[in-house]
Every structure is written in C-alpha cells, then in structure tokens.
>>> print(open('input_14.csv').read())   # CSV, N, CA, C and O atoms
chain,number,residue,atom,x,y,z
A,9,MET,N,20.9,-108.7,-4.2
A,9,MET,CA,21.3,-108.1,-2.9
A,9,MET,C,20.3,-107.1,-2.4
A,9,MET,O,20.1,-107.0,-1.3
A,10,ALA,N,19.8,-106.3,-3.4
A,10,ALA,CA,18.9,-105.2,-3.0
A,10,ALA,C,17.6,-105.8,-2.4
A,10,ALA,O,17.0,-105.3,-1.5
A,11,LYS,N,17.2,-107.0,-3.0
A,11,LYS,CA,16.0,-107.7,-2.5
A,11,LYS,C,16.2,-108.1,-1.0
A,11,LYS,O,15.3,-108.0,-0.2
A,12,ALA,N,17.4,-108.7,-0.7
A,12,ALA,CA,17.7,-109.1,0.6
A,12,ALA,C,17.7,-108.0,1.6
A,12,ALA,O,17.2,-108.1,2.7
A,13,VAL,N,18.2,-106.8,1.2
A,13,VAL,CA,18.2,-105.7,2.1
A,13,VAL,C,16.8,-105.1,2.3
A,13,VAL,O,16.4,-104.8,3.4
A,14,HIS,N,16.0,-105.2,1.3
A,14,HIS,CA,14.6,-104.7,1.3
A,14,HIS,C,13.8,-105.6,2.3
A,14,HIS,O,13.1,-105.1,3.1
A,15,LEU,N,14.0,-106.9,2.1
A,15,LEU,CA,13.3,-107.9,3.0
A,15,LEU,C,13.8,-107.8,4.5
A,15,LEU,O,13.0,-107.9,5.4
A,16,GLY,N,15.1,-107.5,4.6
A,16,GLY,CA,15.6,-107.3,6.0
A,16,GLY,C,15.1,-106.1,6.6
A,16,GLY,O,14.8,-106.1,7.8
A,17,ALA,N,14.9,-105.1,5.9
A,17,ALA,CA,14.3,-103.8,6.4
A,17,ALA,C,12.9,-104.0,6.8
A,17,ALA,O,12.5,-103.6,7.9
A,18,TRP,N,12.1,-104.8,6.0
A,18,TRP,CA,10.7,-105.1,6.4
A,18,TRP,C,10.7,-106.0,7.7
A,18,TRP,O,9.8,-105.8,8.5
A,19,PHE,N,11.6,-106.9,7.8
A,19,PHE,CA,11.7,-107.8,9.0
A,19,PHE,C,12.0,-106.9,10.2
A,19,PHE,O,11.4,-107.1,11.3
A,20,LEU,N,13.0,-106.0,10.1
A,20,LEU,CA,13.3,-105.1,11.3
A,20,LEU,C,12.1,-104.2,11.6
A,20,LEU,O,11.8,-104.0,12.8
A,21,LEU,N,11.4,-103.8,10.6
A,21,LEU,CA,10.2,-103.0,10.9
A,21,LEU,C,9.1,-103.8,11.6
A,21,LEU,O,8.5,-103.2,12.5
A,22,GLY,N,9.0,-105.0,11.3
A,22,GLY,CA,8.0,-105.9,12.0
A,22,GLY,C,8.5,-106.1,13.4
A,22,GLY,O,7.6,-106.1,14.3
A,23,CYS,N,9.8,-106.3,13.6
A,23,CYS,CA,10.3,-106.4,15.0
A,23,CYS,C,10.0,-105.2,15.8
A,23,CYS,O,9.6,-105.2,17.0
A,24,ILE,N,10.3,-104.0,15.2
A,24,ILE,CA,10.1,-102.8,15.9
A,24,ILE,C,8.6,-102.6,16.2
A,24,ILE,O,8.2,-102.1,17.3
A,25,ALA,N,7.7,-102.8,15.3
A,25,ALA,CA,6.3,-102.7,15.5
A,25,ALA,C,5.8,-103.6,16.6
A,25,ALA,O,5.0,-103.2,17.5
A,26,SER,N,6.2,-104.9,16.6
A,26,SER,CA,5.8,-105.8,17.6
A,26,SER,C,6.4,-105.4,19.0
A,26,SER,O,5.7,-105.5,20.0
A,27,SER,N,7.6,-104.9,19.0
A,27,SER,CA,8.2,-104.4,20.3
A,27,SER,C,7.4,-103.3,20.8
A,27,SER,O,7.2,-103.1,22.0
A,28,SER,N,7.0,-102.4,19.9
A,28,SER,CA,6.2,-101.2,20.4
A,28,SER,C,4.9,-101.6,21.0
A,28,SER,O,4.5,-101.1,22.0
A,29,VAL,N,4.2,-102.6,20.3
A,29,VAL,CA,3.0,-103.1,20.9
A,29,VAL,C,3.2,-103.7,22.2
A,29,VAL,O,2.4,-103.5,23.2
A,30,ALA,N,4.2,-104.5,22.4
A,30,ALA,CA,4.5,-105.2,23.6
A,30,ALA,C,4.9,-104.1,24.7
A,30,ALA,O,4.5,-104.3,25.9
A,31,TRP,N,5.6,-103.1,24.3
A,31,TRP,CA,6.0,-102.1,25.3
A,31,TRP,C,4.7,-101.3,25.8
A,31,TRP,O,4.6,-101.0,27.0
A,32,LEU,N,3.8,-101.0,24.9
A,32,LEU,CA,2.6,-100.3,25.3
A,32,LEU,C,1.8,-101.2,26.2
A,32,LEU,O,1.1,-100.8,27.1
A,33,GLY,N,1.8,-102.5,25.9
A,33,GLY,CA,1.1,-103.5,26.8
A,33,GLY,C,1.7,-103.6,28.2
A,33,GLY,O,0.9,-103.8,29.1
A,34,ALA,N,3.0,-103.3,28.3
A,34,ALA,CA,3.6,-103.4,29.6
A,34,ALA,C,3.4,-102.1,30.4
A,34,ALA,O,3.5,-102.0,31.6
A,35,LEU,N,3.0,-101.0,29.7
A,35,LEU,CA,2.8,-99.7,30.4
A,35,LEU,C,1.5,-99.7,31.2
A,35,LEU,O,1.5,-99.1,32.3
A,36,HIS,N,0.4,-100.2,30.8
A,36,HIS,CA,-0.8,-100.1,31.4
A,36,HIS,C,-1.6,-101.4,31.3
A,36,HIS,O,-1.6,-102.0,30.2
A,37,PRO,N,-2.4,-101.8,32.3
A,37,PRO,CA,-3.1,-103.0,32.3
A,37,PRO,C,-4.2,-103.0,31.2
A,37,PRO,O,-4.5,-104.1,30.5
A,38,ALA,N,-4.8,-101.9,30.9
A,38,ALA,CA,-5.8,-101.8,29.8
A,38,ALA,C,-5.2,-102.0,28.4
A,38,ALA,O,-5.7,-102.6,27.6
A,39,LEU,N,-4.0,-101.5,28.3
A,39,LEU,CA,-3.2,-101.7,27.0
A,39,LEU,C,-2.7,-103.1,26.9
A,39,LEU,O,-2.5,-103.6,25.8
A,40,PHE,N,-2.6,-103.8,28.0
A,40,PHE,CA,-2.1,-105.2,27.9
A,40,PHE,C,-3.2,-106.0,27.2
A,40,PHE,O,-2.8,-106.9,26.4
A,41,ARG,N,-4.4,-105.8,27.5
A,41,ARG,CA,-5.5,-106.5,26.8
A,41,ARG,C,-5.5,-106.2,25.3
A,41,ARG,O,-5.7,-107.0,24.4
A,42,VAL,N,-5.3,-104.9,25.0
A,42,VAL,CA,-5.2,-104.5,23.5
A,42,VAL,C,-4.0,-105.2,22.8
A,42,VAL,O,-4.2,-105.6,21.7
A,43,MET,N,-2.9,-105.3,23.6
A,43,MET,CA,-1.8,-106.0,23.0
A,43,MET,C,-2.1,-107.4,22.6
A,43,MET,O,-1.8,-107.9,21.5
A,44,TRP,N,-2.8,-108.1,23.5
A,44,TRP,CA,-3.2,-109.5,23.2
A,44,TRP,C,-4.2,-109.6,22.0
A,44,TRP,O,-4.1,-110.5,21.2
A,45,VAL,N,-5.1,-108.6,21.9
A,45,VAL,CA,-6.0,-108.6,20.8
A,45,VAL,C,-5.2,-108.4,19.5
A,45,VAL,O,-5.5,-109.1,18.5
A,46,ILE,N,-4.2,-107.5,19.5
A,46,ILE,CA,-3.4,-107.3,18.3
A,46,ILE,C,-2.6,-108.6,17.9
A,46,ILE,O,-2.6,-109.0,16.8
A,47,TYR,N,-2.1,-109.2,18.9
A,47,TYR,CA,-1.3,-110.5,18.7
A,47,TYR,C,-2.2,-111.6,18.2
A,47,TYR,O,-1.9,-112.4,17.3
A,48,ILE,N,-3.4,-111.7,18.7
A,48,ILE,CA,-4.4,-112.7,18.3
A,48,ILE,C,-4.8,-112.4,16.8
A,48,ILE,O,-4.9,-113.4,16.0
A,49,VAL,N,-5.1,-111.2,16.5
A,49,VAL,CA,-5.4,-110.8,15.1
A,49,VAL,C,-4.3,-111.1,14.2
A,49,VAL,O,-4.5,-111.7,13.1
A,50,CYS,N,-3.1,-110.9,14.6
A,50,CYS,CA,-1.9,-111.2,13.7
A,50,CYS,C,-1.8,-112.7,13.5
A,50,CYS,O,-1.5,-113.1,12.4
A,51,CYS,N,-2.0,-113.5,14.5
A,51,CYS,CA,-1.9,-114.9,14.4
A,51,CYS,C,-3.0,-115.4,13.5
A,51,CYS,O,-2.8,-116.3,12.7
A,52,ALA,N,-4.2,-114.9,13.7
A,52,ALA,CA,-5.3,-115.3,12.8
A,52,ALA,C,-5.0,-114.9,11.4
A,52,ALA,O,-5.3,-115.7,10.4
A,53,ALA,N,-4.5,-113.8,11.1
A,53,ALA,CA,-4.1,-113.3,9.8
A,53,ALA,C,-3.0,-114.3,9.1
A,53,ALA,O,-3.1,-114.6,8.0
A,54,LEU,N,-2.1,-114.7,10.0
A,54,LEU,CA,-1.0,-115.6,9.5
A,54,LEU,C,-1.6,-116.9,9.1
A,54,LEU,O,-1.3,-117.5,8.1
A,55,CYS,N,-2.5,-117.4,10.0
A,55,CYS,CA,-3.2,-118.7,9.7
A,55,CYS,C,-4.0,-118.6,8.4
A,55,CYS,O,-4.1,-119.5,7.6
A,56,LEU,N,-4.7,-117.5,8.3
A,56,LEU,CA,-5.5,-117.3,7.1
A,56,LEU,C,-4.7,-117.2,5.8
A,56,LEU,O,-5.0,-117.8,4.8
A,57,ALA,N,-3.5,-116.6,6.0
A,57,ALA,CA,-2.6,-116.5,4.8
A,57,ALA,C,-2.0,-117.8,4.5
A,57,ALA,O,-1.8,-118.1,3.3
A,58,LEU,N,-1.8,-118.7,5.5
A,58,LEU,CA,-1.3,-120.1,5.2
A,58,LEU,C,-2.4,-120.9,4.5
A,58,LEU,O,-2.1,-121.7,3.6
A,59,LEU,N,-3.7,-120.7,4.9
A,59,LEU,CA,-4.7,-121.5,4.3
A,59,LEU,C,-5.1,-121.1,2.9
A,59,LEU,O,-5.5,-121.9,2.1
A,60,THR,N,-4.9,-119.8,2.6
A,60,THR,CA,-5.3,-119.2,1.3
A,60,THR,C,-4.1,-118.9,0.5
A,60,THR,O,-4.1,-118.0,-0.3
A,61,ASP,N,-3.0,-119.7,0.6
A,61,ASP,CA,-1.8,-119.3,-0.1
A,61,ASP,C,-1.9,-119.4,-1.6
A,61,ASP,O,-1.3,-118.6,-2.3
A,62,ASP,N,-2.7,-120.3,-2.1
A,62,ASP,CA,-2.8,-120.4,-3.5
A,62,ASP,C,-3.6,-119.2,-4.2
A,62,ASP,O,-3.4,-118.9,-5.3
A,63,ALA,N,-4.5,-118.6,-3.4
A,63,ALA,CA,-5.2,-117.5,-3.9
A,63,ALA,C,-4.4,-116.1,-3.7
A,63,ALA,O,-4.5,-115.2,-4.5
A,64,VAL,N,-3.7,-116.0,-2.6
A,64,VAL,CA,-3.0,-114.8,-2.3
A,64,VAL,C,-1.7,-114.6,-3.0
A,64,VAL,O,-1.3,-113.5,-3.5
A,65,ARG,N,-1.0,-115.7,-3.2
A,65,ARG,CA,0.3,-115.7,-3.8
A,65,ARG,C,0.4,-115.1,-5.2
A,65,ARG,O,1.2,-114.2,-5.5
A,66,PRO,N,-0.5,-115.4,-6.1
A,66,PRO,CA,-0.5,-114.8,-7.4
A,66,PRO,C,-0.9,-113.3,-7.4
A,66,PRO,O,-0.4,-112.5,-8.2
A,67,PHE,N,-1.7,-112.9,-6.4
A,67,PHE,CA,-2.1,-111.5,-6.3
A,67,PHE,C,-0.8,-110.7,-5.9
A,67,PHE,O,-0.7,-109.6,-6.3
A,68,LEU,N,0.0,-111.3,-5.0
A,68,LEU,CA,1.2,-110.5,-4.6
A,68,LEU,C,2.4,-110.7,-5.6
A,68,LEU,O,3.4,-110.1,-5.4
A,69,LYS,N,2.2,-111.6,-6.6
A,69,LYS,CA,3.2,-111.9,-7.6
A,69,LYS,C,4.5,-112.4,-6.9
A,69,LYS,O,5.6,-111.9,-7.3
A,70,LEU,N,4.4,-113.4,-6.0
A,70,LEU,CA,5.5,-113.9,-5.4
A,70,LEU,C,5.6,-115.4,-5.7
A,70,LEU,O,4.6,-116.1,-5.9
A,71,SER,N,6.8,-115.9,-5.7
A,71,SER,CA,7.0,-117.4,-5.9
A,71,SER,C,6.6,-118.1,-4.6
A,71,SER,O,6.4,-117.4,-3.5
A,72,GLN,N,6.4,-119.4,-4.6
A,72,GLN,CA,6.0,-120.1,-3.4
A,72,GLN,C,7.1,-120.0,-2.3
A,72,GLN,O,6.7,-119.8,-1.2
A,73,HIS,N,8.3,-120.1,-2.7
A,73,HIS,CA,9.4,-120.0,-1.7
A,73,HIS,C,9.4,-118.6,-1.0
A,73,HIS,O,9.6,-118.4,0.2
A,74,ASP,N,9.3,-117.5,-1.9
A,74,ASP,CA,9.3,-116.2,-1.3
A,74,ASP,C,8.1,-115.9,-0.4
A,74,ASP,O,8.2,-115.2,0.6
A,75,TYR,N,6.9,-116.5,-0.8
A,75,TYR,CA,5.7,-116.3,0.0
A,75,TYR,C,5.9,-116.9,1.4
A,75,TYR,O,5.6,-116.3,2.4
A,76,TYR,N,6.3,-118.1,1.4
A,76,TYR,CA,6.5,-118.8,2.7
A,76,TYR,C,7.6,-118.2,3.5
A,76,TYR,O,7.6,-118.1,4.7
A,77,ALA,N,8.7,-117.7,2.8
A,77,ALA,CA,9.7,-117.0,3.6
A,77,ALA,C,9.2,-115.7,4.2
A,77,ALA,O,9.5,-115.3,5.3
A,78,LEU,N,8.3,-115.0,3.5
A,78,LEU,CA,7.7,-113.8,4.0
A,78,LEU,C,6.8,-114.1,5.2
A,78,LEU,O,6.9,-113.4,6.2
A,79,LEU,N,6.0,-115.2,5.1
A,79,LEU,CA,5.2,-115.6,6.3
A,79,LEU,C,6.0,-116.0,7.5
A,79,LEU,O,5.7,-115.7,8.6
A,80,ILE,N,7.1,-116.7,7.2
A,80,ILE,CA,8.0,-117.1,8.3
A,80,ILE,C,8.7,-115.9,9.0
A,80,ILE,O,8.8,-115.7,10.2
A,81,ALA,N,9.1,-114.9,8.1
A,81,ALA,CA,9.7,-113.7,8.6
A,81,ALA,C,8.7,-112.9,9.5
A,81,ALA,O,9.0,-112.3,10.5
A,82,ILE,N,7.4,-112.8,9.0
A,82,ILE,CA,6.4,-112.1,9.8
A,82,ILE,C,6.2,-112.8,11.2
A,82,ILE,O,6.1,-112.1,12.2
A,83,ALA,N,6.1,-114.1,11.2
A,83,ALA,CA,5.9,-114.8,12.4
A,83,ALA,C,7.1,-114.7,13.4
A,83,ALA,O,6.9,-114.4,14.6
A,84,VAL,N,8.3,-114.7,12.8
A,84,VAL,CA,9.5,-114.6,13.7
A,84,VAL,C,9.6,-113.2,14.2
A,84,VAL,O,9.9,-112.9,15.4
A,85,SER,N,9.2,-112.2,13.4
A,85,SER,CA,9.3,-110.8,13.9
A,85,SER,C,8.3,-110.5,15.0
A,85,SER,O,8.5,-109.8,15.9
A,86,ILE,N,7.1,-111.1,14.9
A,86,ILE,CA,6.1,-111.0,15.9
A,86,ILE,C,6.6,-111.6,17.2
A,86,ILE,O,6.4,-111.1,18.3
A,87,VAL,N,7.1,-112.8,17.1
A,87,VAL,CA,7.6,-113.5,18.3
A,87,VAL,C,8.8,-112.8,18.9
A,87,VAL,O,8.8,-112.6,20.1
A,88,LEU,N,9.7,-112.3,18.1
A,88,LEU,CA,10.9,-111.6,18.7
A,88,LEU,C,10.5,-110.3,19.3
A,88,LEU,O,11.0,-109.9,20.4
A,89,GLY,N,9.5,-109.6,18.7
A,89,GLY,CA,9.1,-108.3,19.3
A,89,GLY,C,8.3,-108.6,20.5
A,89,GLY,O,8.3,-107.8,21.5
A,90,GLY,N,7.5,-109.6,20.6
A,90,GLY,CA,6.7,-110.0,21.7
A,90,GLY,C,7.5,-110.4,22.9
A,90,GLY,O,7.1,-110.4,24.1
A,91,MET,N,8.8,-110.8,22.7
A,91,MET,CA,9.7,-111.2,23.7
A,91,MET,C,10.0,-110.1,24.7
A,91,MET,O,10.3,-110.3,25.8
A,92,LEU,N,9.8,-108.8,24.2
A,92,LEU,CA,10.1,-107.7,25.0
A,92,LEU,C,9.1,-107.7,26.2
A,92,LEU,O,9.4,-107.3,27.3
A,93,SER,N,7.9,-108.1,25.9
A,93,SER,CA,6.9,-108.1,27.0
A,93,SER,C,7.3,-109.1,28.1
A,93,SER,O,7.1,-108.9,29.2
A,94,TRP,N,7.8,-110.2,27.6
A,94,TRP,CA,8.3,-111.2,28.6
A,94,TRP,C,9.5,-110.7,29.4
A,94,TRP,O,9.6,-111.0,30.6
A,95,LEU,N,10.4,-110.1,28.7
A,95,LEU,CA,11.6,-109.6,29.3
A,95,LEU,C,11.3,-108.5,30.3
A,95,LEU,O,12.0,-108.4,31.4
A,96,ILE,N,10.3,-107.6,30.0
A,96,ILE,CA,9.9,-106.6,30.9
A,96,ILE,C,9.2,-107.2,32.2
A,96,ILE,O,9.3,-106.7,33.3
A,97,GLY,N,8.6,-108.3,32.0
A,97,GLY,CA,7.9,-109.0,33.1
A,97,GLY,C,6.4,-108.7,33.1
A,97,GLY,O,5.8,-108.8,34.2
A,98,GLY,N,5.8,-108.4,31.9
A,98,GLY,CA,4.4,-108.0,31.9
A,98,GLY,C,3.5,-109.2,31.8
A,98,GLY,O,3.6,-110.3,31.8
>>> encode(input="input_14.csv", output="structure tokens")
Amino acid sequence: MAKAVHLGAWFLLGCIASSSVAWLGALHPALFRVMWVIYIVCCAALCLALLTDDAVRPFLKLSQHDYYALLIAIAVSIVLGGMLSWLIGG
C-alpha cells in the first residue's frame, strides 16, 4: 500500500510539473518555445529509456513490470499536464 501511495505521489508531481511548464508556455510566446523544447527533451528521454531498458532497469533495481509502469506513468503525466496548454488555448 505504501508503494502505491508513493508512486501515486510521484505521478501527481509529474502532472503538476507538466502543468506548470504548460502554464508558463501559455503566458508568453518566448516561453511557448521553451515549453516545446522541454516536452521534446522529455519525449526523447522516454524513448531512450525504452530503448535502453535492459541496462537501466538493474541500475534502478526495478522489476520489468515496475519499470514499464513507471515509464507509462511518466508519459501519462506529461500528456495530462500538457493538456492544460490545450485547454488554455495556447
């Protein structure tokens, strides 16, 4: 139960961070470009994490299911947080 609460807290933190980035991107046109750079870097990091899963997973001491659940949670939190940009109309 404690592990689920801990992972849920990290998921919510990811949603909040992504929402903050999207909100800053909606404030100013120059920050909008920075927002896209941050999202592109996050997507590249997720793709790299998927490609190098056999090397990274033992370093993090996670099982295969936990590692993929973590990657899915990160991707979903980025998408959910980025929805704020779409809802604001940026």
>>> atom_distance(input="input_14.csv", atom1="atom C of Val84 in chain A", atom2="atom C of Trp18 in chain A")
9.8 Å
>>> residues_around(input="input_14.csv", residues="Leu79 in chain A", least_positions_apart="6", cutoff="8 Å", atoms="only N, CA, C and O atoms", output="PyMOL selection string")
chain A and resi 54+57-58+72-73+85-86
>>> residues_around(input="input_14.csv", residues="Leu20 in chain A", least_positions_apart="3", cutoff="10 Å", atoms="only C-alpha atoms", output="VMD selection string")
chain A and resid 15 to 17 23 to 26 81 to 82 85 89
>>> write_last_selection(input="input_14.csv", atoms="N, CA, C and O atoms", output="PDB file, keeping the file's coordinate frame")
ATOM      1  N   LEU A  15      14.000-106.900   2.100  1.00  0.00           N
ATOM      2  CA  LEU A  15      13.300-107.900   3.000  1.00  0.00           C
ATOM      3  C   LEU A  15      13.800-107.800   4.500  1.00  0.00           C
ATOM      4  O   LEU A  15      13.000-107.900   5.400  1.00  0.00           O
ATOM      5  N   GLY A  16      15.100-107.500   4.600  1.00  0.00           N
ATOM      6  CA  GLY A  16      15.600-107.300   6.000  1.00  0.00           C
ATOM      7  C   GLY A  16      15.100-106.100   6.600  1.00  0.00           C
ATOM      8  O   GLY A  16      14.800-106.100   7.800  1.00  0.00           O
ATOM      9  N   ALA A  17      14.900-105.100   5.900  1.00  0.00           N
ATOM     10  CA  ALA A  17      14.300-103.800   6.400  1.00  0.00           C
ATOM     11  C   ALA A  17      12.900-104.000   6.800  1.00  0.00           C
ATOM     12  O   ALA A  17      12.500-103.600   7.900  1.00  0.00           O
ATOM     13  N   CYS A  23       9.800-106.300  13.600  1.00  0.00           N
ATOM     14  CA  CYS A  23      10.300-106.400  15.000  1.00  0.00           C
ATOM     15  C   CYS A  23      10.000-105.200  15.800  1.00  0.00           C
ATOM     16  O   CYS A  23       9.600-105.200  17.000  1.00  0.00           O
ATOM     17  N   ILE A  24      10.300-104.000  15.200  1.00  0.00           N
ATOM     18  CA  ILE A  24      10.100-102.800  15.900  1.00  0.00           C
ATOM     19  C   ILE A  24       8.600-102.600  16.200  1.00  0.00           C
ATOM     20  O   ILE A  24       8.200-102.100  17.300  1.00  0.00           O
ATOM     21  N   ALA A  25       7.700-102.800  15.300  1.00  0.00           N
ATOM     22  CA  ALA A  25       6.300-102.700  15.500  1.00  0.00           C
ATOM     23  C   ALA A  25       5.800-103.600  16.600  1.00  0.00           C
ATOM     24  O   ALA A  25       5.000-103.200  17.500  1.00  0.00           O
ATOM     25  N   SER A  26       6.200-104.900  16.600  1.00  0.00           N
ATOM     26  CA  SER A  26       5.800-105.800  17.600  1.00  0.00           C
ATOM     27  C   SER A  26       6.400-105.400  19.000  1.00  0.00           C
ATOM     28  O   SER A  26       5.700-105.500  20.000  1.00  0.00           O
ATOM     29  N   ALA A  81       9.100-114.900   8.100  1.00  0.00           N
ATOM     30  CA  ALA A  81       9.700-113.700   8.600  1.00  0.00           C
ATOM     31  C   ALA A  81       8.700-112.900   9.500  1.00  0.00           C
ATOM     32  O   ALA A  81       9.000-112.300  10.500  1.00  0.00           O
ATOM     33  N   ILE A  82       7.400-112.800   9.000  1.00  0.00           N
ATOM     34  CA  ILE A  82       6.400-112.100   9.800  1.00  0.00           C
ATOM     35  C   ILE A  82       6.200-112.800  11.200  1.00  0.00           C
ATOM     36  O   ILE A  82       6.100-112.100  12.200  1.00  0.00           O
ATOM     37  N   SER A  85       9.200-112.200  13.400  1.00  0.00           N
ATOM     38  CA  SER A  85       9.300-110.800  13.900  1.00  0.00           C
ATOM     39  C   SER A  85       8.300-110.500  15.000  1.00  0.00           C
ATOM     40  O   SER A  85       8.500-109.800  15.900  1.00  0.00           O
ATOM     41  N   GLY A  89       9.500-109.600  18.700  1.00  0.00           N
ATOM     42  CA  GLY A  89       9.100-108.300  19.300  1.00  0.00           C
ATOM     43  C   GLY A  89       8.300-108.600  20.500  1.00  0.00           C
ATOM     44  O   GLY A  89       8.300-107.800  21.500  1.00  0.00           O
TER      45      GLY A  89
END
>>> closest_residue(input="input_14.csv", among="A:Tyr47, A:Leu78, A:His14, A:Val42", to="Gly90 in chain A", atoms="only C-alpha atoms")
A:Tyr47
>>> atom_distance(input="input_14.csv", atom1="CA of Leu21 in chain A", atom2="atom O of Asp62 in chain A")
26.5 Å
